[in-house]
Every structure is written in C-alpha cells, then in structure tokens.
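> mmCIF, C-alpha atoms, saved as input_35.cif, coming up:
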```cif
data_target
#
loop_
_atom_site.label_atom_id
_atom_site.label_comp_id
_atom_site.auth_asym_id
_atom_site.auth_seq_id
_atom_site.Cartn_x
_atom_site.Cartn_y
_atom_site.Cartn_z
CA MET A 1 -56.94 -68.63 -133.87
CA SER A 2 -60.23 -66.77 -134.06
CA LYS A 3 -58.88 -64.68 -136.94
CA SER A 4 -59.00 -67.83 -139.07
CA SER A 5 -62.57 -68.73 -138.17
CA VAL A 6 -64.94 -68.94 -141.09
CA SER A 7 -67.55 -67.20 -138.95
CA LYS A 8 -65.94 -63.90 -139.94
CA LEU A 9 -66.90 -63.86 -143.57
CA ALA A 10 -65.62 -61.20 -145.91
CA PRO A 11 -68.20 -58.95 -147.59
CA LEU A 12 -70.08 -60.75 -150.33
CA VAL A 13 -68.27 -60.38 -153.64
CA PRO A 14 -70.56 -59.05 -156.40
CA GLY A 15 -71.58 -61.86 -158.73
CA SER A 16 -70.83 -64.62 -156.24
CA SER A 17 -73.34 -66.59 -154.21
CA ARG A 18 -73.30 -66.79 -150.45
CA ARG A 19 -72.38 -70.45 -150.78
CA GLN A 20 -69.37 -69.57 -152.95
CA GLN A 21 -68.33 -66.90 -150.48
CA TYR A 22 -68.58 -69.33 -147.59
CA SER A 23 -66.58 -71.94 -149.50
CA ALA A 24 -63.83 -69.42 -150.24
CA SER A 25 -63.74 -68.36 -146.58
CA THR A 26 -63.50 -71.99 -145.47
CA LYS A 27 -60.58 -72.63 -147.78
CA ARG A 28 -58.84 -69.45 -146.66
CA ALA A 29 -59.31 -70.37 -143.01
CA LEU A 30 -57.79 -73.81 -143.58
CA VAL A 31 -54.75 -72.32 -145.30
CA ASP A 32 -54.39 -69.66 -142.58
CA VAL A 33 -54.39 -72.21 -139.76
CA ALA A 34 -52.23 -74.69 -141.67
CA GLU A 35 -49.64 -71.98 -142.31
CA GLU A 36 -49.53 -71.11 -138.62
CA LEU A 37 -49.25 -74.72 -137.46
CA PHE A 38 -46.74 -75.76 -140.12
CA THR A 39 -44.58 -72.78 -139.15
CA GLU A 40 -44.76 -73.49 -135.43
CA SER A 41 -44.61 -77.29 -135.36
CA GLY A 42 -43.52 -78.46 -138.79
CA TYR A 43 -45.32 -80.63 -141.32
CA ALA A 44 -44.89 -84.03 -139.66
CA ALA A 45 -46.03 -82.84 -136.23
CA THR A 46 -49.15 -81.08 -137.54
CA SER A 47 -52.29 -83.19 -137.73
CA LEU A 48 -55.36 -82.63 -139.86
CA ASP A 49 -57.40 -82.76 -136.65
CA ALA A 50 -55.50 -79.75 -135.31
CA ILE A 51 -55.98 -77.86 -138.57
CA VAL A 52 -59.74 -78.38 -138.80
CA ALA A 53 -60.12 -77.59 -135.11
CA GLY A 54 -58.25 -74.33 -135.55
CA ALA A 55 -60.28 -73.40 -138.64
CA ARG A 56 -63.52 -74.49 -136.89
CA VAL A 57 -64.62 -76.66 -139.80
CA THR A 58 -65.15 -80.37 -140.35
CA LYS A 59 -62.77 -82.81 -141.98
CA GLY A 60 -65.34 -83.16 -144.72
CA ALA A 61 -64.93 -79.46 -145.45
CA LEU A 62 -61.18 -79.90 -145.62
CA TYR A 63 -61.43 -82.80 -148.06
CA HIS A 64 -63.84 -80.78 -150.18
CA HIS A 65 -60.97 -78.37 -150.93
CA PHE A 66 -57.86 -80.51 -150.51
CA SER A 67 -57.03 -84.15 -151.16
CA GLY A 68 -55.02 -84.34 -147.94
CA LYS A 69 -52.32 -82.77 -145.82
CA GLN A 70 -49.73 -82.61 -148.59
CA ALA A 71 -52.11 -80.75 -150.91
CA LEU A 72 -52.87 -78.31 -148.11
CA PHE A 73 -49.15 -77.85 -147.50
CA GLU A 74 -48.66 -77.09 -151.18
CA ALA A 75 -51.33 -74.38 -150.99
CA VAL A 76 -49.53 -72.86 -148.01
CA PHE A 77 -46.18 -73.14 -149.78
CA GLU A 78 -47.58 -71.36 -152.85
CA ARG A 79 -48.96 -68.53 -150.77
CA VAL A 80 -45.73 -68.00 -148.84
CA GLU A 81 -43.71 -68.04 -152.07
CA ASP A 82 -46.16 -65.67 -153.79
CA ASP A 83 -46.00 -63.28 -150.84
CA ALA A 84 -42.21 -63.38 -151.01
CA ALA A 85 -42.22 -62.69 -154.74
CA ARG A 86 -44.54 -59.71 -154.26
CA ALA A 87 -42.32 -58.31 -151.49
CA ILE A 88 -39.29 -58.49 -153.76
CA GLN A 89 -41.25 -56.99 -156.65
CA ARG A 90 -42.27 -54.04 -154.46
CA ALA A 91 -38.61 -53.48 -153.60
CA LEU A 92 -37.69 -53.38 -157.29
CA LYS A 93 -40.23 -50.74 -158.22
CA GLY A 94 -39.05 -47.17 -158.56
CA HIS A 95 -35.41 -48.03 -159.19
CA ARG A 96 -34.19 -46.97 -162.61
CA ASP A 97 -30.53 -47.49 -161.80
CA PRO A 98 -29.85 -51.21 -162.41
CA TRP A 99 -27.30 -51.49 -159.61
CA GLU A 100 -29.66 -49.90 -157.08
CA LYS A 101 -32.43 -52.19 -158.31
CA ALA A 102 -30.26 -55.28 -157.92
CA THR A 103 -29.21 -54.25 -154.41
CA ALA A 104 -32.80 -53.50 -153.39
CA GLY A 105 -33.96 -56.87 -154.69
CA LEU A 106 -31.14 -58.66 -152.88
CA ARG A 107 -31.93 -56.97 -149.58
CA ALA A 108 -35.63 -57.74 -149.93
CA PHE A 109 -34.81 -61.39 -150.61
CA LEU A 110 -32.54 -61.58 -147.57
CA GLU A 111 -35.33 -60.15 -145.42
CA VAL A 112 -37.76 -62.74 -146.76
CA VAL A 113 -35.53 -65.74 -146.02
CA ARG A 114 -35.21 -64.63 -142.41
CA GLU A 115 -38.99 -64.72 -141.88
CA PRO A 116 -39.96 -67.71 -139.69
CA ARG A 117 -42.71 -68.93 -142.01
CA TYR A 118 -40.45 -68.79 -145.10
CA ARG A 119 -37.59 -70.50 -143.29
CA ARG A 120 -39.75 -73.33 -142.04
CA ILE A 121 -42.22 -73.88 -144.90
CA VAL A 122 -40.16 -73.10 -147.98
CA ILE A 123 -36.55 -73.84 -147.07
CA GLN A 124 -36.77 -76.48 -144.34
CA GLU A 125 -39.95 -78.38 -145.24
CA GLY A 126 -40.53 -77.64 -148.92
CA PRO A 127 -38.02 -79.99 -150.58
CA SER A 128 -38.90 -83.02 -148.44
CA VAL A 129 -42.69 -82.58 -148.48
CA LEU A 130 -43.08 -81.63 -152.15
CA GLY A 131 -40.13 -83.53 -153.57
CA TYR A 132 -37.15 -81.75 -155.07
CA GLU A 133 -38.53 -81.42 -158.62
CA ARG A 134 -41.90 -80.06 -157.51
CA PHE A 135 -40.17 -77.77 -155.02
CA ARG A 136 -37.95 -76.27 -157.73
CA GLU A 137 -40.91 -75.94 -160.09
CA GLN A 138 -42.90 -73.97 -157.52
CA GLU A 139 -39.90 -71.86 -156.53
CA GLU A 140 -39.14 -70.92 -160.12
CA ARG A 141 -42.78 -70.17 -160.86
CA SER A 142 -42.97 -67.58 -158.09
CA THR A 143 -39.51 -65.98 -157.82
CA PHE A 144 -37.60 -66.62 -161.04
CA ALA A 145 -39.34 -63.74 -162.83
CA ASN A 146 -37.88 -61.29 -160.31
CA VAL A 147 -34.38 -62.66 -160.80
CA LEU A 148 -34.79 -62.44 -164.57
CA GLU A 149 -35.93 -58.82 -164.30
CA ILE A 150 -32.87 -57.92 -162.21
CA VAL A 151 -30.47 -59.75 -164.53
CA ARG A 152 -31.93 -58.11 -167.63
CA SER A 153 -31.64 -54.70 -165.99
CA VAL A 154 -27.99 -55.30 -165.08
CA LEU A 155 -27.11 -56.67 -168.51
CA ALA A 156 -28.82 -53.70 -170.17
CA ALA A 157 -26.38 -51.39 -168.37
CA GLY A 158 -23.65 -52.49 -170.76
CA THR A 159 -23.46 -52.19 -174.53
CA TRP A 160 -24.20 -55.89 -174.80
CA ASP A 161 -26.73 -57.30 -177.21
CA LEU A 162 -27.40 -60.69 -175.65
CA ASP A 163 -29.93 -63.14 -177.02
CA GLU A 164 -32.76 -64.51 -174.92
CA ASN A 165 -31.04 -67.83 -174.28
CA LEU A 166 -27.98 -66.17 -172.77
CA GLN A 167 -30.11 -63.86 -170.63
CA GLN A 168 -32.00 -66.90 -169.35
CA THR A 169 -28.67 -68.63 -168.63
CA PHE A 170 -27.43 -65.69 -166.58
CA ALA A 171 -30.75 -65.59 -164.71
CA ARG A 172 -30.66 -69.31 -163.89
CA ILE A 173 -27.10 -69.05 -162.59
CA PHE A 174 -28.07 -66.17 -160.32
CA PHE A 175 -31.28 -67.90 -159.32
CA GLY A 176 -29.32 -70.95 -158.23
CA ALA A 177 -26.86 -68.78 -156.32
CA MET A 178 -29.67 -66.91 -154.56
CA SER A 179 -31.46 -70.15 -153.63
CA SER A 180 -28.25 -71.51 -152.12
CA ALA A 181 -27.61 -68.23 -150.32
CA GLY A 182 -31.14 -68.29 -148.91
CA GLU A 183 -30.61 -71.76 -147.50
CA SER A 184 -27.32 -70.76 -145.89
CA VAL A 185 -28.84 -67.66 -144.28
CA SER A 186 -31.90 -69.54 -143.09
CA SER A 187 -29.89 -72.31 -141.43
CA ALA A 188 -27.16 -70.08 -139.98
CA GLU A 189 -26.75 -69.71 -136.22
CA ASP A 190 -26.59 -65.96 -136.82
CA PRO A 191 -28.89 -65.18 -139.79
CA GLU A 192 -28.15 -61.45 -139.59
CA ALA A 193 -24.40 -61.99 -139.97
CA ALA A 194 -24.94 -64.57 -142.70
CA ALA A 195 -27.19 -62.15 -144.62
CA ALA A 196 -24.54 -59.45 -144.36
CA ASP A 197 -21.95 -61.87 -145.76
CA VAL A 198 -24.22 -62.76 -148.68
CA GLU A 199 -24.85 -59.09 -149.43
CA THR A 200 -21.10 -58.46 -149.44
CA ALA A 201 -20.39 -61.42 -151.73
CA ILE A 202 -23.15 -60.54 -154.22
CA GLY A 203 -22.00 -56.93 -154.03
CA PHE A 204 -18.57 -57.96 -155.32
CA ILE A 205 -20.18 -59.83 -158.21
CA LEU A 206 -22.33 -56.82 -159.12
CA ALA A 207 -19.29 -54.57 -158.88
CA GLY A 208 -17.58 -56.82 -161.41
CA PHE A 209 -20.49 -56.54 -163.82
CA ARG A 210 -20.54 -52.80 -163.36
CA ALA A 211 -16.82 -52.52 -164.12
CA LEU A 212 -17.34 -54.55 -167.31
CA ALA A 213 -20.27 -52.36 -168.33
CA ASP A 214 -18.42 -49.11 -167.61
CA SER A 215 -15.31 -50.21 -169.51
CA GLY A 216 -17.28 -51.21 -172.60
CA VAL A 217 -16.07 -54.82 -172.61
CA GLU A 218 -17.86 -56.81 -175.27
CA LEU A 219 -19.83 -59.85 -174.24
CA SER A 220 -21.64 -62.22 -176.54
CA SER A 221 -22.69 -65.85 -176.68
CA GLY A 222 -19.66 -68.11 -176.49
CA SER A 223 -17.24 -65.34 -175.57
CA VAL A 224 -15.21 -64.87 -172.42
CA PRO A 225 -14.17 -61.30 -171.54
CA THR A 226 -10.48 -60.82 -170.78
CA SER A 227 -8.39 -57.91 -169.61
CA GLY A 228 -7.09 -57.53 -173.13
CA THR A 229 -10.48 -56.91 -174.74
#
```
I'd like the structure from this file rewritten - as structure tokens, please.

Amino acid sequence: MSKSSVSKLAPLVPGSSRRQQYSASTKRALVDVAEELFTESGYAATSLDAIVAGARVTKGALYHHFSGKQALFEAVFERVEDDAARAIQRALKGHRDPWEKATAGLRAFLEVVREPRYRRIVIQEGPSVLGYERFREQEERSTFANVLEIVRSVLAAGTWDLDENLQQTFARIFFGAMSSAGESVSSAEDPEAAAADVETAIGFILAGFRALADSGVELSSGSVPTSGT
C-alpha cells in the first residue's frame, strides 16, 4: 500500500503551507487505504488499526480528520459516488441525439455498478452503514443530476411543454428504477447477463418514449396519453 503513504507528498499547492499540504496528503492516504480495505474485506471486518497501518499514520492523525470509522466510510462512499457520477457525465458529453445520450448514460451506469468498489461500498455496505435516509441523500446528491439531464433531453425530443415539477417526477421515477437495476446487476450471479437484461428493458422504455415523441402525442401534467390522442 505504498501508493497511499503520506511520504509521497504531492507538489506544494501555491498559497498553501507545507503543514496544510501534509494534512491533505494524510487525509487522502486514509481515504485511499480505507477504500481498498472496505472493498476487499467489508466495513465490519476492517479495523481502524489496519487503516492507519496501511496509511502509515497514527490514530491521532485519523481522529484529526474523522470522528471515527463511519465518518471515514462516508468519505469513501462520497468519493466512489462522485467518481461514478463523473464517469456517467463523461459518457453523456458529445451526444446531441437524446436517445444516443440516454443509451450512453445507461451503459456507463451499468459499467459502474459492476466495479468491485462500487458494488461493495455503495450497494452492499452503503445502506446499512449510513442508514437508508443518509444513503439515499448521498446517492441523489451525486447521481441524480445525471438522471435529470438525461430525462430532460428525452422529454425535449417531443413537442411537450412540461413544467419543472413533472420533469422532476419523471427523473425521480427513472432514478428509482436505475437504483433498483443497479442493485439487481450488482447482486446477480452473472452481472454481465443481468446488465444486458437491464439494457434491453430500459431500451424498450426509451423506444416507447421515442414513439410518443415521433407521433406528436401530447403530454401534460395530469394527462395520460392514449392511442386515440
């Protein structure tokens, strides 16, 4: 775990003191090692002694930055979720076609949920360690914006003038569906096959939206499109 050692300090950031730089490196090393150990062994089986040993710091240094193991886990959780959100955001860039954008975002998400650290830290450990409400709060903070961007792009493909509340409603429905799909893929005996099934299912839903958009079906708050509209 030498890559996490605070002995390898990053170049001094202009305007920051050497003490500040060392403190930032210590915190980063703790999160690096904690992420590795939480991924490999799980939260319960990972001790603070193992974390500080891996980071080559003292427990006092750990408690200077974190109140305890749960706070350290939350920092790891936030980083893994933020990395996932950035990966999905990168996949969305460059796609002007809303259907291509939605497919690219879905595939990026399905790649993320198959990563060992995401599966263990976010899906398996997150709800129990953070508590369900805090888990959902963190998850929405990092990934909901991507879902909202995709939903707005898809809805803009039609001639629909939907208010913000309805757009948010669509986004939350899809966000819930994607979270559930992520859990099913992560826990599947064959994640690759499960991911393919999810892509197929979401593909049908997107195809339905596309058919509605292409046919000019009206959609507004409180309305339900029918074949006769």
> Check which residues satisfy the PyMOL selection byres ((chain A and resi 39) around 10) in the file shown, then give them as a PDB file with C-alpha atoms, in the coordinates of the input.

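Full text of selection-v2.pdb as output:
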```pdb
ATOM      1  CA  VAL A  33     -54.390 -72.210-139.760  1.00  0.00           C
ATOM      2  CA  ALA A  34     -52.230 -74.690-141.670  1.00  0.00           C
ATOM      3  CA  GLU A  35     -49.640 -71.980-142.310  1.00  0.00           C
ATOM      4  CA  GLU A  36     -49.530 -71.110-138.620  1.00  0.00           C
ATOM      5  CA  LEU A  37     -49.250 -74.720-137.460  1.00  0.00           C
ATOM      6  CA  PHE A  38     -46.740 -75.760-140.120  1.00  0.00           C
ATOM      7  CA  GLU A  40     -44.760 -73.490-135.430  1.00  0.00           C
ATOM      8  CA  SER A  41     -44.610 -77.290-135.360  1.00  0.00           C
ATOM      9  CA  GLY A  42     -43.520 -78.460-138.790  1.00  0.00           C
ATOM     10  CA  TYR A  43     -45.320 -80.630-141.320  1.00  0.00           C
ATOM     11  CA  THR A  46     -49.150 -81.080-137.540  1.00  0.00           C
ATOM     12  CA  PRO A 116     -39.960 -67.710-139.690  1.00  0.00           C
ATOM     13  CA  ARG A 117     -42.710 -68.930-142.010  1.00  0.00           C
ATOM     14  CA  TYR A 118     -40.450 -68.790-145.100  1.00  0.00           C
ATOM     15  CA  ARG A 119     -37.590 -70.500-143.290  1.00  0.00           C
ATOM     16  CA  ARG A 120     -39.750 -73.330-142.040  1.00  0.00           C
ATOM     17  CA  ILE A 121     -42.220 -73.880-144.900  1.00  0.00           C
ATOM     18  CA  VAL A 122     -40.160 -73.100-147.980  1.00  0.00           C
ATOM     19  CA  GLU A 125     -39.950 -78.380-145.240  1.00  0.00           C
TER      20      GLU A 125
END
```
> What lies within 10 Å of Ala145 of chain A using all atoms listed in the file, ignoring chain neighbours under 3 positions off, as a count of residues only?
11
> Within 12 Å of segment 57-60 of chain A, counting all atoms listed in the file, which residues show up once you throw out same-chain ones fewer than 3 positions away? Write them as a ChimeraX atom specification, please.
/A:4-7,22-23,25-30,33,47-54,63-69
> On this file, the PyMOL selection byres ((chain A and resi 170) around 12) gives some set of residues; write that set as a PDB file with C-alpha atoms, in the frame of the given file.

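Final file, selection-v1.pdb:
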```
ATOM      1  CA  PHE A 144     -37.600 -66.620-161.040  1.00  0.00           C
ATOM      2  CA  VAL A 147     -34.380 -62.660-160.800  1.00  0.00           C
ATOM      3  CA  LEU A 148     -34.790 -62.440-164.570  1.00  0.00           C
ATOM      4  CA  GLU A 149     -35.930 -58.820-164.300  1.00  0.00           C
ATOM      5  CA  ILE A 150     -32.870 -57.920-162.210  1.00  0.00           C
ATOM      6  CA  VAL A 151     -30.470 -59.750-164.530  1.00  0.00           C
ATOM      7  CA  ARG A 152     -31.930 -58.110-167.630  1.00  0.00           C
ATOM      8  CA  SER A 153     -31.640 -54.700-165.990  1.00  0.00           C
ATOM      9  CA  VAL A 154     -27.990 -55.300-165.080  1.00  0.00           C
ATOM     10  CA  LEU A 155     -27.110 -56.670-168.510  1.00  0.00           C
ATOM     11  CA  LEU A 162     -27.400 -60.690-175.650  1.00  0.00           C
ATOM     12  CA  ASP A 163     -29.930 -63.140-177.020  1.00  0.00           C
ATOM     13  CA  GLU A 164     -32.760 -64.510-174.920  1.00  0.00           C
ATOM     14  CA  ASN A 165     -31.040 -67.830-174.280  1.00  0.00           C
ATOM     15  CA  LEU A 166     -27.980 -66.170-172.770  1.00  0.00           C
ATOM     16  CA  GLN A 167     -30.110 -63.860-170.630  1.00  0.00           C
ATOM     17  CA  GLN A 168     -32.000 -66.900-169.350  1.00  0.00           C
ATOM     18  CA  THR A 169     -28.670 -68.630-168.630  1.00  0.00           C
ATOM     19  CA  ALA A 171     -30.750 -65.590-164.710  1.00  0.00           C
ATOM     20  CA  ARG A 172     -30.660 -69.310-163.890  1.00  0.00           C
ATOM     21  CA  ILE A 173     -27.100 -69.050-162.590  1.00  0.00           C
ATOM     22  CA  PHE A 174     -28.070 -66.170-160.320  1.00  0.00           C
ATOM     23  CA  PHE A 175     -31.280 -67.900-159.320  1.00  0.00           C
ATOM     24  CA  GLY A 176     -29.320 -70.950-158.230  1.00  0.00           C
ATOM     25  CA  ALA A 177     -26.860 -68.780-156.320  1.00  0.00           C
ATOM     26  CA  PHE A 209     -20.490 -56.540-163.820  1.00  0.00           C
ATOM     27  CA  SER A 221     -22.690 -65.850-176.680  1.00  0.00           C
TER      28      SER A 221
END
```
> Please expand the PyMOL selection byres ((chain A and resi 194) around 12) into the concrete residues it hits in this file, giving the result as a list in words.
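This file gives the following for the PyMOL selection byres ((chain A and resi 194) around 12): Leu110, Glu111, Val113, Arg114, Ala181, Gly182, Glu183, Ser184, Val185, Ser186, Ser187, Ala188, Glu189, Asp190, Pro191, Glu192, Ala193, Ala195, Ala196, Asp197, Val198, Glu199, Thr200 and Ala201 of chain A.
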> So how many Å separate atom CA of Leu130 of chain A and atom CA of Asp83 of chain A, to one decimal?
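Rounded to one decimal, the two atoms are 18.6 Å apart.
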> Kindly give the distance, in Å, that separates atom CA of Gln138 of chain A and atom CA of Ile202 of chain A, rounded to a single decimal.
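Value for the atom CA of Gln138 of chain A-atom CA of Ile202 of chain A distance: 24.1 Å.
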> Give the answer as one residue: which of A:Asp161, A:Glu139, A:Glu115, A:Asp214 has the shortest atom-to-atom distance to Asp82 of chain A, using all atoms listed in the file?
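Ranked by minimum distance to Asp82 of chain A, first place goes to A:Glu139.
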> Write out as number ranges by chain which residues come within 10 Å of Arg86 of chain A when counting only C-alpha atoms, dropping same-chain ones fewer than 6 positions away.
A: 80, 92, 142-143, 146
> Provide the atom CA of Glu133 of chain A to atom CA of Arg107 of chain A distance in Å, to one decimal place.
26.9 Å
> Of the candidates A:Val112, A:Ala91, A:Ala55, A:Ala102, which shows the shortest atom-to-atom distance to Ala207 of chain A, using all atoms listed in the file?
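Of A:Val112, A:Ala91, A:Ala55, A:Ala102, the one nearest Ala207 of chain A is A:Ala102, counting all atoms listed in the file.
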> For segment 205-216 of chain A, take all atoms listed in the file, fit an axis-aligned box around them, add 4 Å to each of the six sides, then output centre and edge lengths in Å rounded to one decimal, as JSON.

```
{"center_x": -18.8, "center_y": -54.5, "center_z": -165.4, "size_x": 15.0, "size_y": 18.7, "size_z": 22.4}
```
> Between A:Ala61, A:Ala24, A:Ile123, A:Ala45, which residue has the minimum interatomic distance to Ser180 of chain A, considering all atoms listed in the file?
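Closest candidate: A:Ile123.
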> Check the smallest atom-to-atom distance from each of A:Thr103, A:Ser128, A:Ser179, A:Lys93 to Ala44 of chain A using only C-alpha atoms, then report the winner.
A:Ser128
> Give me segment 54-65 of chain A with all heavy atoms filled in, as a PDB file, keeping the file's coordinate frame.

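The file below, selection_30.pdb, is the result:
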```
ATOM      1  N   GLY A  54     -58.627 -75.732-135.538  1.00  0.00           N
ATOM      2  CA  GLY A  54     -58.250 -74.330-135.550  1.00  0.00           C
ATOM      3  C   GLY A  54     -59.094 -73.508-136.503  1.00  0.00           C
ATOM      4  O   GLY A  54     -59.417 -72.345-136.236  1.00  0.00           O
ATOM      5  N   ALA A  55     -59.454 -74.108-137.647  1.00  0.00           N
ATOM      6  CA  ALA A  55     -60.280 -73.400-138.640  1.00  0.00           C
ATOM      7  C   ALA A  55     -61.760 -73.481-138.309  1.00  0.00           C
ATOM      8  O   ALA A  55     -62.576 -72.807-138.955  1.00  0.00           O
ATOM      9  CB  ALA A  55     -60.023 -73.993-140.024  1.00  0.00           C
ATOM     10  N   ARG A  56     -62.122 -74.315-137.313  1.00  0.00           N
ATOM     11  CA  ARG A  56     -63.520 -74.490-136.890  1.00  0.00           C
ATOM     12  C   ARG A  56     -64.399 -74.999-138.032  1.00  0.00           C
ATOM     13  O   ARG A  56     -65.483 -74.488-138.290  1.00  0.00           O
ATOM     14  CB  ARG A  56     -64.080 -73.187-136.315  1.00  0.00           C
ATOM     15  CG  ARG A  56     -63.326 -72.698-135.088  1.00  0.00           C
ATOM     16  CD  ARG A  56     -63.920 -71.423-134.538  1.00  0.00           C
ATOM     17  NE  ARG A  56     -63.120 -70.909-133.426  1.00  0.00           N
ATOM     18  CZ  ARG A  56     -63.384 -69.765-132.792  1.00  0.00           C
ATOM     19  NH1 ARG A  56     -64.433 -69.030-133.159  1.00  0.00           N
ATOM     20  NH2 ARG A  56     -62.609 -69.369-131.803  1.00  0.00           N
ATOM     21  N   VAL A  57     -63.855 -76.012-138.735  1.00  0.00           N
ATOM     22  CA  VAL A  57     -64.620 -76.660-139.800  1.00  0.00           C
ATOM     23  C   VAL A  57     -64.500 -78.168-139.610  1.00  0.00           C
ATOM     24  O   VAL A  57     -63.774 -78.642-138.733  1.00  0.00           O
ATOM     25  CB  VAL A  57     -64.081 -76.260-141.196  1.00  0.00           C
ATOM     26  CG1 VAL A  57     -64.176 -74.751-141.401  1.00  0.00           C
ATOM     27  CG2 VAL A  57     -62.642 -76.721-141.394  1.00  0.00           C
ATOM     28  N   THR A  58     -65.199 -78.912-140.426  1.00  0.00           N
ATOM     29  CA  THR A  58     -65.150 -80.370-140.350  1.00  0.00           C
ATOM     30  C   THR A  58     -64.077 -80.914-141.289  1.00  0.00           C
ATOM     31  O   THR A  58     -63.611 -80.217-142.194  1.00  0.00           O
ATOM     32  CB  THR A  58     -66.499 -80.980-140.743  1.00  0.00           C
ATOM     33  OG1 THR A  58     -66.751 -80.682-142.130  1.00  0.00           O
ATOM     34  CG2 THR A  58     -67.619 -80.418-139.878  1.00  0.00           C
ATOM     35  N   LYS A  59     -63.724 -82.174-141.066  1.00  0.00           N
ATOM     36  CA  LYS A  59     -62.770 -82.810-141.980  1.00  0.00           C
ATOM     37  C   LYS A  59     -63.378 -82.935-143.380  1.00  0.00           C
ATOM     38  O   LYS A  59     -62.658 -82.878-144.380  1.00  0.00           O
ATOM     39  CB  LYS A  59     -62.371 -84.186-141.461  1.00  0.00           C
ATOM     40  CG  LYS A  59     -61.126 -84.170-140.592  1.00  0.00           C
ATOM     41  CD  LYS A  59     -60.598 -85.571-140.393  1.00  0.00           C
ATOM     42  CE  LYS A  59     -59.312 -85.519-139.551  1.00  0.00           C
ATOM     43  NZ  LYS A  59     -58.787 -86.878-139.281  1.00  0.00           N
ATOM     44  N   GLY A  60     -64.688 -83.097-143.420  1.00  0.00           N
ATOM     45  CA  GLY A  60     -65.340 -83.160-144.720  1.00  0.00           C
ATOM     46  C   GLY A  60     -65.129 -81.869-145.510  1.00  0.00           C
ATOM     47  O   GLY A  60     -64.923 -81.898-146.719  1.00  0.00           O
ATOM     48  N   ALA A  61     -65.174 -80.738-144.801  1.00  0.00           N
ATOM     49  CA  ALA A  61     -64.930 -79.460-145.450  1.00  0.00           C
ATOM     50  C   ALA A  61     -63.506 -79.369-145.966  1.00  0.00           C
ATOM     51  O   ALA A  61     -63.238 -78.842-147.051  1.00  0.00           O
ATOM     52  CB  ALA A  61     -65.213 -78.314-144.481  1.00  0.00           C
ATOM     53  N   LEU A  62     -62.578 -79.905-145.175  1.00  0.00           N
ATOM     54  CA  LEU A  62     -61.180 -79.900-145.620  1.00  0.00           C
ATOM     55  C   LEU A  62     -61.015 -80.722-146.891  1.00  0.00           C
ATOM     56  O   LEU A  62     -60.390 -80.270-147.854  1.00  0.00           O
ATOM     57  CB  LEU A  62     -60.279 -80.444-144.515  1.00  0.00           C
ATOM     58  CG  LEU A  62     -58.766 -80.409-144.787  1.00  0.00           C
ATOM     59  CD1 LEU A  62     -57.992 -80.243-143.476  1.00  0.00           C
ATOM     60  CD2 LEU A  62     -58.271 -81.688-145.483  1.00  0.00           C
ATOM     61  N   TYR A  63     -61.589 -81.937-146.892  1.00  0.00           N
ATOM     62  CA  TYR A  63     -61.430 -82.800-148.060  1.00  0.00           C
ATOM     63  C   TYR A  63     -62.214 -82.309-149.267  1.00  0.00           C
ATOM     64  O   TYR A  63     -61.955 -82.744-150.394  1.00  0.00           O
ATOM     65  CB  TYR A  63     -61.841 -84.235-147.703  1.00  0.00           C
ATOM     66  CG  TYR A  63     -60.807 -84.956-146.874  1.00  0.00           C
ATOM     67  CD1 TYR A  63     -61.095 -85.372-145.577  1.00  0.00           C
ATOM     68  CD2 TYR A  63     -59.532 -85.208-147.386  1.00  0.00           C
ATOM     69  CE1 TYR A  63     -60.139 -86.026-144.799  1.00  0.00           C
ATOM     70  CE2 TYR A  63     -58.574 -85.858-146.624  1.00  0.00           C
ATOM     71  CZ  TYR A  63     -58.874 -86.262-145.338  1.00  0.00           C
ATOM     72  OH  TYR A  63     -57.918 -86.908-144.572  1.00  0.00           O
ATOM     73  N   HIS A  64     -63.137 -81.400-149.048  1.00  0.00           N
ATOM     74  CA  HIS A  64     -63.840 -80.780-150.180  1.00  0.00           C
ATOM     75  C   HIS A  64     -62.877 -79.900-150.968  1.00  0.00           C
ATOM     76  O   HIS A  64     -62.998 -79.768-152.195  1.00  0.00           O
ATOM     77  CB  HIS A  64     -65.019 -79.945-149.668  1.00  0.00           C
ATOM     78  CG  HIS A  64     -65.712 -79.171-150.746  1.00  0.00           C
ATOM     79  ND1 HIS A  64     -66.539 -79.766-151.675  1.00  0.00           N
ATOM     80  CD2 HIS A  64     -65.687 -77.841-151.053  1.00  0.00           C
ATOM     81  CE1 HIS A  64     -67.001 -78.839-152.507  1.00  0.00           C
ATOM     82  NE2 HIS A  64     -66.501 -77.670-152.159  1.00  0.00           N
ATOM     83  N   HIS A  65     -61.905 -79.297-150.282  1.00  0.00           N
ATOM     84  CA  HIS A  65     -60.970 -78.370-150.930  1.00  0.00           C
ATOM     85  C   HIS A  65     -59.612 -78.983-151.213  1.00  0.00           C
ATOM     86  O   HIS A  65     -58.939 -78.575-152.171  1.00  0.00           O
ATOM     87  CB  HIS A  65     -60.785 -77.138-150.043  1.00  0.00           C
ATOM     88  CG  HIS A  65     -62.008 -76.301-149.889  1.00  0.00           C
ATOM     89  ND1 HIS A  65     -62.493 -75.502-150.900  1.00  0.00           N
ATOM     90  CD2 HIS A  65     -62.856 -76.148-148.835  1.00  0.00           C
ATOM     91  CE1 HIS A  65     -63.584 -74.883-150.486  1.00  0.00           C
ATOM     92  NE2 HIS A  65     -63.825 -75.254-149.235  1.00  0.00           N
TER      93      HIS A  65
END
```
